[in-house]
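Here the structure comes first, spelled out in structure tokens, and everything after it is commentary.
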Protein chains: 2
Amino acid sequence: MPDRVVGPEIERLIQLLARLPGYGPRSARRAALHLMRKREELLSPLADAMRVAKERIVTCESCGSVDTRSPCSICGDNRRDAAQLVIVETVGDLWALERAGVVKGRYHVLGGTLSPLDGVGPADLNLQGLVTRVAEGEVREVIIAVNATVDGQTTAHYVTDMLAHLGVRVTRLAHGVPVGGELDYLDEGTLAAAIRSRTAF
Amino acid sequence: MPDRVVGPEIERLIQLLARLPGYGPRSARRAALHLMRKREELLSPLADAMRVAKERIVTCESCGSVDTRSPCSICGDNRRDAAQLVIVETVGDLWALERAGVVKGRYHVLGGTLSPLDGVGPADLNLQGLVTRVAEGEVREVIIAVNATVDGQTTAHYVTDMLAHLGVRVTRLAHGVPVGGELDYLDEGTLAAAIRSRTAF
Ligand SMILES: [Zn+2]
Ligand SMILES: [Zn+2]
């Protein structure tokens, strides 16, 4: 919008909102209008929440996740099973697994995958911390929960090799048909894996 | 997400982000992760921009729009044609017309439409200010640019009656086929209006 329509402060708010995921110029304008209408109920608390988040979020020194404390809420939770460690690529993957409520243990966030083409090597991932953690001796099983992509699988193999001498069991997520998924839409590799790993009815 | 996964500060940020237009719990989590990754480039400036907007936005005493000054950037712009006043329902509509770049004059933001069913009467809209403005004598044409809805048209008639004794020309937006619109998808009312208001080729 030309500068003469609104003050530069609103213009700047719109420009920054447009950089939120899923937003563009149009939705950013809608969001700015919404925020200006809900000044006390939304704009003000959201500005505060962002400020607080900005000041307090830290990377967990143990697992590499983000939280407002380090060790993070999960690493610091003594009810977690210290014998189980789940390796994920991103904090988003960690949150997804937590929502599924299936992990009893803790996590280790790699921060990405090995990707020679993009110049991402072992030193760019949170791998040294992983070896240190596993070498401490409490972990009995490492579950590799990286994405089922080429880079994810390359990373899974690398991690497996790296942990080989530490005497832990290394497992990975099963391949198969997503719950609710239609066979018609699945690729051959997934279908082949689902047949191979079939279970008794 | 259960409280034990992340600190309450991040949980609160996610809950507030979920109230942005077009967002829900899932996109709010994505946005929170994005903001935490872009702490310096996005989270911090966005928090600041919201804080500034919160402190500075005001309703224009003249037109009812929102800006960081009153009179707003448009009302305060002397290059605007004082003879033309465009009536819109919302600030979003004002911005849309500004992007089209077709309005030489100024605006008057009603803040909604008359809606007996929803209990919105004349006193709930910015109508008294409109009469005052037009009565000052500079305005020669009032263009009613409300939505082509039932409530919008009710409001248009009400405004027309209200201004009748003030000797200004009252016009409204043309109905017709949207640019790029396919006839197949348009309702009969629009098509009939487009035929009635046909122009020479
Ligand atoms: Zn942690
Ligand atoms: Zn104004």
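Each chain in the structure tokens gets a letter, A, B and so on, in the order shown; residues start at 1 in every chain, and ligands are counted from 1 in the order they appear.
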Open item on the list: For B:Leu16, find every residue with an atom within 8 Å (counting only C-alpha atoms), except residues of its own chain fewer than 4 positions away, and show them as a list in words.
Closed with: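 Once the nearby chain positions are removed, what remains is Leu42, Pro45 and Leu46 of chain A; Arg12 and Leu20 of chain B.
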- [ ] Find the residues near stretch 100-109 of chain B: any atom within 7 Å, counting only C-alpha atoms, skip ones fewer than 2 places away on the same chain, and give them as a ChimeraX atom specification.
- [x] /B:63-65,74-75,80-91,96-98,111,126,130
TODO: Using only C-alpha atoms, select each residue of chain B with any atom at most 7 Å away from an atom of chain A, and give the selection as number ranges by chain.
DONE: B: 1, 4-7, 9-10, 12-13, 16, 20-21, 31, 33, 39, 43-44, 46-47, 49-51, 53-54, 67-68, 73-74, 92, 99
Open item on the list: Between atom CA of B:Val168 and atom CA of B:Thr132, what is the distance in Å, rounded to a tenth?
Closed with: 13.1 Å
TODO: Find, counting only C-alpha atoms and all ligand atoms, the residue in B:Gly112, B:Pro71, B:Gly176, B:Gly189 that gets nearest to ligand 2.
DONE: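 Among the listed residues, the smallest separation from ligand 2 belongs to B:Pro71.
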Open item on the list: So that I can see what lies close to B:Leu166, please list as a PyMOL selection string the residues with an atom at most 12 Å from it, counting only C-alpha atoms and leaving out residues fewer than 6 positions away in the same chain.
Closed with: chain B and resi 130-142+159-160
Write to file, as a PDB file, in the first residue's frame, the residues of the selection just made, with N, CA, C and O atoms.
ATOM      1  N   LEU B 130     -20.956  11.641   9.602  1.00  0.00           N
ATOM      2  CA  LEU B 130     -21.125  11.803   8.155  1.00  0.00           C
ATOM      3  C   LEU B 130     -21.956  13.042   7.838  1.00  0.00           C
ATOM      4  O   LEU B 130     -21.571  13.868   6.992  1.00  0.00           O
ATOM      5  N   VAL B 131     -23.079  13.185   8.531  1.00  0.00           N
ATOM      6  CA  VAL B 131     -23.941  14.350   8.299  1.00  0.00           C
ATOM      7  C   VAL B 131     -23.178  15.635   8.594  1.00  0.00           C
ATOM      8  O   VAL B 131     -23.193  16.585   7.802  1.00  0.00           O
ATOM      9  N   THR B 132     -22.462  15.648   9.707  1.00  0.00           N
ATOM     10  CA  THR B 132     -21.665  16.825  10.078  1.00  0.00           C
ATOM     11  C   THR B 132     -20.676  17.181   8.969  1.00  0.00           C
ATOM     12  O   THR B 132     -20.548  18.345   8.578  1.00  0.00           O
ATOM     13  N   ARG B 133     -19.985  16.127   8.479  1.00  0.00           N
ATOM     14  CA  ARG B 133     -18.979  16.376   7.440  1.00  0.00           C
ATOM     15  C   ARG B 133     -19.583  16.947   6.178  1.00  0.00           C
ATOM     16  O   ARG B 133     -19.056  17.899   5.586  1.00  0.00           O
ATOM     17  N   VAL B 134     -20.678  16.322   5.736  1.00  0.00           N
ATOM     18  CA  VAL B 134     -21.287  16.762   4.479  1.00  0.00           C
ATOM     19  C   VAL B 134     -21.876  18.165   4.651  1.00  0.00           C
ATOM     20  O   VAL B 134     -21.807  19.002   3.742  1.00  0.00           O
ATOM     21  N   ALA B 135     -22.443  18.429   5.845  1.00  0.00           N
ATOM     22  CA  ALA B 135     -23.072  19.738   6.099  1.00  0.00           C
ATOM     23  C   ALA B 135     -22.052  20.876   6.072  1.00  0.00           C
ATOM     24  O   ALA B 135     -22.420  22.035   5.882  1.00  0.00           O
ATOM     25  N   GLU B 136     -20.781  20.548   6.235  1.00  0.00           N
ATOM     26  CA  GLU B 136     -19.748  21.597   6.185  1.00  0.00           C
ATOM     27  C   GLU B 136     -19.676  22.269   4.818  1.00  0.00           C
ATOM     28  O   GLU B 136     -19.146  23.375   4.685  1.00  0.00           O
ATOM     29  N   GLY B 137     -20.173  21.563   3.770  1.00  0.00           N
ATOM     30  CA  GLY B 137     -20.389  22.219   2.487  1.00  0.00           C
ATOM     31  C   GLY B 137     -19.373  21.968   1.388  1.00  0.00           C
ATOM     32  O   GLY B 137     -19.626  22.312   0.234  1.00  0.00           O
ATOM     33  N   GLU B 138     -18.209  21.376   1.737  1.00  0.00           N
ATOM     34  CA  GLU B 138     -17.204  21.166   0.684  1.00  0.00           C
ATOM     35  C   GLU B 138     -17.530  19.964  -0.205  1.00  0.00           C
ATOM     36  O   GLU B 138     -17.173  19.929  -1.379  1.00  0.00           O
ATOM     37  N   VAL B 139     -18.162  18.961   0.390  1.00  0.00           N
ATOM     38  CA  VAL B 139     -18.452  17.731  -0.356  1.00  0.00           C
ATOM     39  C   VAL B 139     -19.544  17.986  -1.391  1.00  0.00           C
ATOM     40  O   VAL B 139     -20.588  18.538  -1.079  1.00  0.00           O
ATOM     41  N   ARG B 140     -19.290  17.563  -2.636  1.00  0.00           N
ATOM     42  CA  ARG B 140     -20.274  17.735  -3.702  1.00  0.00           C
ATOM     43  C   ARG B 140     -20.883  16.395  -4.106  1.00  0.00           C
ATOM     44  O   ARG B 140     -22.008  16.337  -4.554  1.00  0.00           O
ATOM     45  N   GLU B 141     -20.067  15.312  -3.984  1.00  0.00           N
ATOM     46  CA  GLU B 141     -20.570  13.984  -4.357  1.00  0.00           C
ATOM     47  C   GLU B 141     -20.234  12.975  -3.265  1.00  0.00           C
ATOM     48  O   GLU B 141     -19.086  12.913  -2.810  1.00  0.00           O
ATOM     49  N   VAL B 142     -21.248  12.206  -2.878  1.00  0.00           N
ATOM     50  CA  VAL B 142     -21.038  11.108  -1.939  1.00  0.00           C
ATOM     51  C   VAL B 142     -21.202   9.805  -2.716  1.00  0.00           C
ATOM     52  O   VAL B 142     -22.268   9.547  -3.294  1.00  0.00           O
ATOM     53  N   VAL B 159     -28.650   5.979   4.136  1.00  0.00           N
ATOM     54  CA  VAL B 159     -27.694   7.084   3.988  1.00  0.00           C
ATOM     55  C   VAL B 159     -28.187   8.088   2.942  1.00  0.00           C
ATOM     56  O   VAL B 159     -28.107   9.305   3.135  1.00  0.00           O
ATOM     57  N   THR B 160     -28.719   7.556   1.856  1.00  0.00           N
ATOM     58  CA  THR B 160     -29.244   8.426   0.794  1.00  0.00           C
ATOM     59  C   THR B 160     -30.347   9.337   1.338  1.00  0.00           C
ATOM     60  O   THR B 160     -30.340  10.556   1.094  1.00  0.00           O
TER      61      THR B 160
END
TODO: Just the strand (DSSP E or B) stuff from chain A, please, per backbone DSSP, written as a PyMOL selection string.
DONE: chain A and resi 58-59+66-67+84-88+106-109+115+120+141-144+169-172
Residues of the last selection are to be written out with N, CA, C and O atoms, as a PDB file, in the first residue's frame.
ATOM      1  N   VAL A  58      15.220 -20.572  24.884  1.00  0.00           N
ATOM      2  CA  VAL A  58      16.603 -21.035  24.815  1.00  0.00           C
ATOM      3  C   VAL A  58      16.620 -22.410  24.168  1.00  0.00           C
ATOM      4  O   VAL A  58      15.611 -23.103  24.133  1.00  0.00           O
ATOM      5  N   THR A  59      17.767 -22.750  23.630  1.00  0.00           N
ATOM      6  CA  THR A  59      17.951 -24.093  23.101  1.00  0.00           C
ATOM      7  C   THR A  59      18.355 -25.002  24.258  1.00  0.00           C
ATOM      8  O   THR A  59      19.261 -24.672  25.019  1.00  0.00           O
ATOM      9  N   VAL A  66      13.711 -26.354  21.711  1.00  0.00           N
ATOM     10  CA  VAL A  66      13.565 -24.993  22.234  1.00  0.00           C
ATOM     11  C   VAL A  66      12.510 -24.976  23.324  1.00  0.00           C
ATOM     12  O   VAL A  66      11.501 -25.659  23.243  1.00  0.00           O
ATOM     13  N   ASP A  67      12.766 -24.201  24.334  1.00  0.00           N
ATOM     14  CA  ASP A  67      11.831 -24.061  25.436  1.00  0.00           C
ATOM     15  C   ASP A  67      12.213 -22.797  26.194  1.00  0.00           C
ATOM     16  O   ASP A  67      13.139 -22.086  25.786  1.00  0.00           O
ATOM     17  N   GLN A  84      14.886 -44.610  26.945  1.00  0.00           N
ATOM     18  CA  GLN A  84      14.418 -44.452  25.563  1.00  0.00           C
ATOM     19  C   GLN A  84      14.740 -43.060  25.022  1.00  0.00           C
ATOM     20  O   GLN A  84      14.400 -42.058  25.642  1.00  0.00           O
ATOM     21  N   LEU A  85      15.400 -43.021  23.861  1.00  0.00           N
ATOM     22  CA  LEU A  85      15.753 -41.740  23.260  1.00  0.00           C
ATOM     23  C   LEU A  85      15.276 -41.728  21.806  1.00  0.00           C
ATOM     24  O   LEU A  85      15.629 -42.614  21.022  1.00  0.00           O
ATOM     25  N   VAL A  86      14.465 -40.724  21.476  1.00  0.00           N
ATOM     26  CA  VAL A  86      13.893 -40.647  20.136  1.00  0.00           C
ATOM     27  C   VAL A  86      14.577 -39.519  19.366  1.00  0.00           C
ATOM     28  O   VAL A  86      14.577 -38.362  19.804  1.00  0.00           O
ATOM     29  N   ILE A  87      15.157 -39.863  18.219  1.00  0.00           N
ATOM     30  CA  ILE A  87      15.883 -38.869  17.426  1.00  0.00           C
ATOM     31  C   ILE A  87      14.969 -38.276  16.368  1.00  0.00           C
ATOM     32  O   ILE A  87      14.374 -39.005  15.572  1.00  0.00           O
ATOM     33  N   VAL A  88      14.840 -36.946  16.382  1.00  0.00           N
ATOM     34  CA  VAL A  88      14.002 -36.261  15.397  1.00  0.00           C
ATOM     35  C   VAL A  88      14.828 -35.202  14.672  1.00  0.00           C
ATOM     36  O   VAL A  88      15.892 -34.794  15.150  1.00  0.00           O
ATOM     37  N   ARG A 106      12.788 -39.609  26.146  1.00  0.00           N
ATOM     38  CA  ARG A 106      13.121 -38.238  25.798  1.00  0.00           C
ATOM     39  C   ARG A 106      13.509 -38.160  24.322  1.00  0.00           C
ATOM     40  O   ARG A 106      13.459 -39.163  23.606  1.00  0.00           O
ATOM     41  N   TYR A 107      13.888 -36.962  23.897  1.00  0.00           N
ATOM     42  CA  TYR A 107      14.184 -36.738  22.488  1.00  0.00           C
ATOM     43  C   TYR A 107      15.594 -36.223  22.295  1.00  0.00           C
ATOM     44  O   TYR A 107      16.234 -35.734  23.231  1.00  0.00           O
ATOM     45  N   HIS A 108      16.034 -36.291  21.041  1.00  0.00           N
ATOM     46  CA  HIS A 108      17.251 -35.600  20.648  1.00  0.00           C
ATOM     47  C   HIS A 108      16.979 -34.958  19.288  1.00  0.00           C
ATOM     48  O   HIS A 108      16.616 -35.653  18.339  1.00  0.00           O
ATOM     49  N   VAL A 109      17.115 -33.640  19.240  1.00  0.00           N
ATOM     50  CA  VAL A 109      16.761 -32.889  18.024  1.00  0.00           C
ATOM     51  C   VAL A 109      18.024 -32.628  17.202  1.00  0.00           C
ATOM     52  O   VAL A 109      18.922 -31.906  17.653  1.00  0.00           O
ATOM     53  N   SER A 115      22.825 -33.515   4.273  1.00  0.00           N
ATOM     54  CA  SER A 115      22.404 -33.238   2.902  1.00  0.00           C
ATOM     55  C   SER A 115      23.603 -32.729   2.117  1.00  0.00           C
ATOM     56  O   SER A 115      23.836 -31.525   2.031  1.00  0.00           O
ATOM     57  N   VAL A 120      25.159 -29.675   3.932  1.00  0.00           N
ATOM     58  CA  VAL A 120      24.949 -29.942   5.352  1.00  0.00           C
ATOM     59  C   VAL A 120      25.685 -31.234   5.725  1.00  0.00           C
ATOM     60  O   VAL A 120      25.315 -32.326   5.280  1.00  0.00           O
ATOM     61  N   GLU A 141      17.620 -47.800  24.278  1.00  0.00           N
ATOM     62  CA  GLU A 141      17.106 -47.870  22.910  1.00  0.00           C
ATOM     63  C   GLU A 141      17.058 -46.475  22.294  1.00  0.00           C
ATOM     64  O   GLU A 141      16.562 -45.536  22.908  1.00  0.00           O
ATOM     65  N   VAL A 142      17.576 -46.372  21.071  1.00  0.00           N
ATOM     66  CA  VAL A 142      17.490 -45.139  20.307  1.00  0.00           C
ATOM     67  C   VAL A 142      16.518 -45.379  19.151  1.00  0.00           C
ATOM     68  O   VAL A 142      16.742 -46.257  18.325  1.00  0.00           O
ATOM     69  N   ILE A 143      15.429 -44.619  19.146  1.00  0.00           N
ATOM     70  CA  ILE A 143      14.448 -44.749  18.065  1.00  0.00           C
ATOM     71  C   ILE A 143      14.682 -43.622  17.073  1.00  0.00           C
ATOM     72  O   ILE A 143      14.561 -42.443  17.420  1.00  0.00           O
ATOM     73  N   ILE A 144      15.038 -43.955  15.853  1.00  0.00           N
ATOM     74  CA  ILE A 144      15.309 -42.924  14.851  1.00  0.00           C
ATOM     75  C   ILE A 144      14.001 -42.560  14.159  1.00  0.00           C
ATOM     76  O   ILE A 144      13.430 -43.353  13.406  1.00  0.00           O
ATOM     77  N   ARG A 169      20.329 -50.438  21.492  1.00  0.00           N
ATOM     78  CA  ARG A 169      19.465 -50.948  20.450  1.00  0.00           C
ATOM     79  C   ARG A 169      19.026 -49.751  19.607  1.00  0.00           C
ATOM     80  O   ARG A 169      18.585 -48.735  20.148  1.00  0.00           O
ATOM     81  N   VAL A 170      19.164 -49.844  18.287  1.00  0.00           N
ATOM     82  CA  VAL A 170      18.742 -48.744  17.409  1.00  0.00           C
ATOM     83  C   VAL A 170      17.564 -49.228  16.563  1.00  0.00           C
ATOM     84  O   VAL A 170      17.666 -50.241  15.874  1.00  0.00           O
ATOM     85  N   THR A 171      16.445 -48.529  16.659  1.00  0.00           N
ATOM     86  CA  THR A 171      15.265 -48.906  15.877  1.00  0.00           C
ATOM     87  C   THR A 171      14.796 -47.698  15.061  1.00  0.00           C
ATOM     88  O   THR A 171      15.283 -46.595  15.246  1.00  0.00           O
ATOM     89  N   ARG A 172      13.854 -47.940  14.152  1.00  0.00           N
ATOM     90  CA  ARG A 172      13.295 -46.796  13.431  1.00  0.00           C
ATOM     91  C   ARG A 172      11.790 -46.985  13.252  1.00  0.00           C
ATOM     92  O   ARG A 172      11.255 -48.080  13.445  1.00  0.00           O
TER      93      ARG A 172
END
TODO: Write out as a ChimeraX atom specification all residues of stretch 31-116 of chain A that DSSP puts in alpha helix (DSSP H) for this structure's backbone.
DONE: /A:31-37,44-56,91-100
Task: Å distance separating atom 1 (Zn, counted along the ligand's line) of ligand 1 from atom CA of A:Gln128, one decimal place - done: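 Between atom 1 (Zn, counted along the ligand's line) of ligand 1 and atom CA of A:Gln128 the gap works out to 14.9 Å.
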Task: Nearest candidate to ligand 1 (options A:Leu110, A:Leu163, A:Ala156, A:Ala18; using only C-alpha atoms and all ligand atoms) - done: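 Using only C-alpha atoms and all ligand atoms, the shortest distance to ligand 1 belongs to A:Leu110.
The spacing separating atom CA of A:Pro122 from atom CA of A:Met162 amounts to 10.6 Å.
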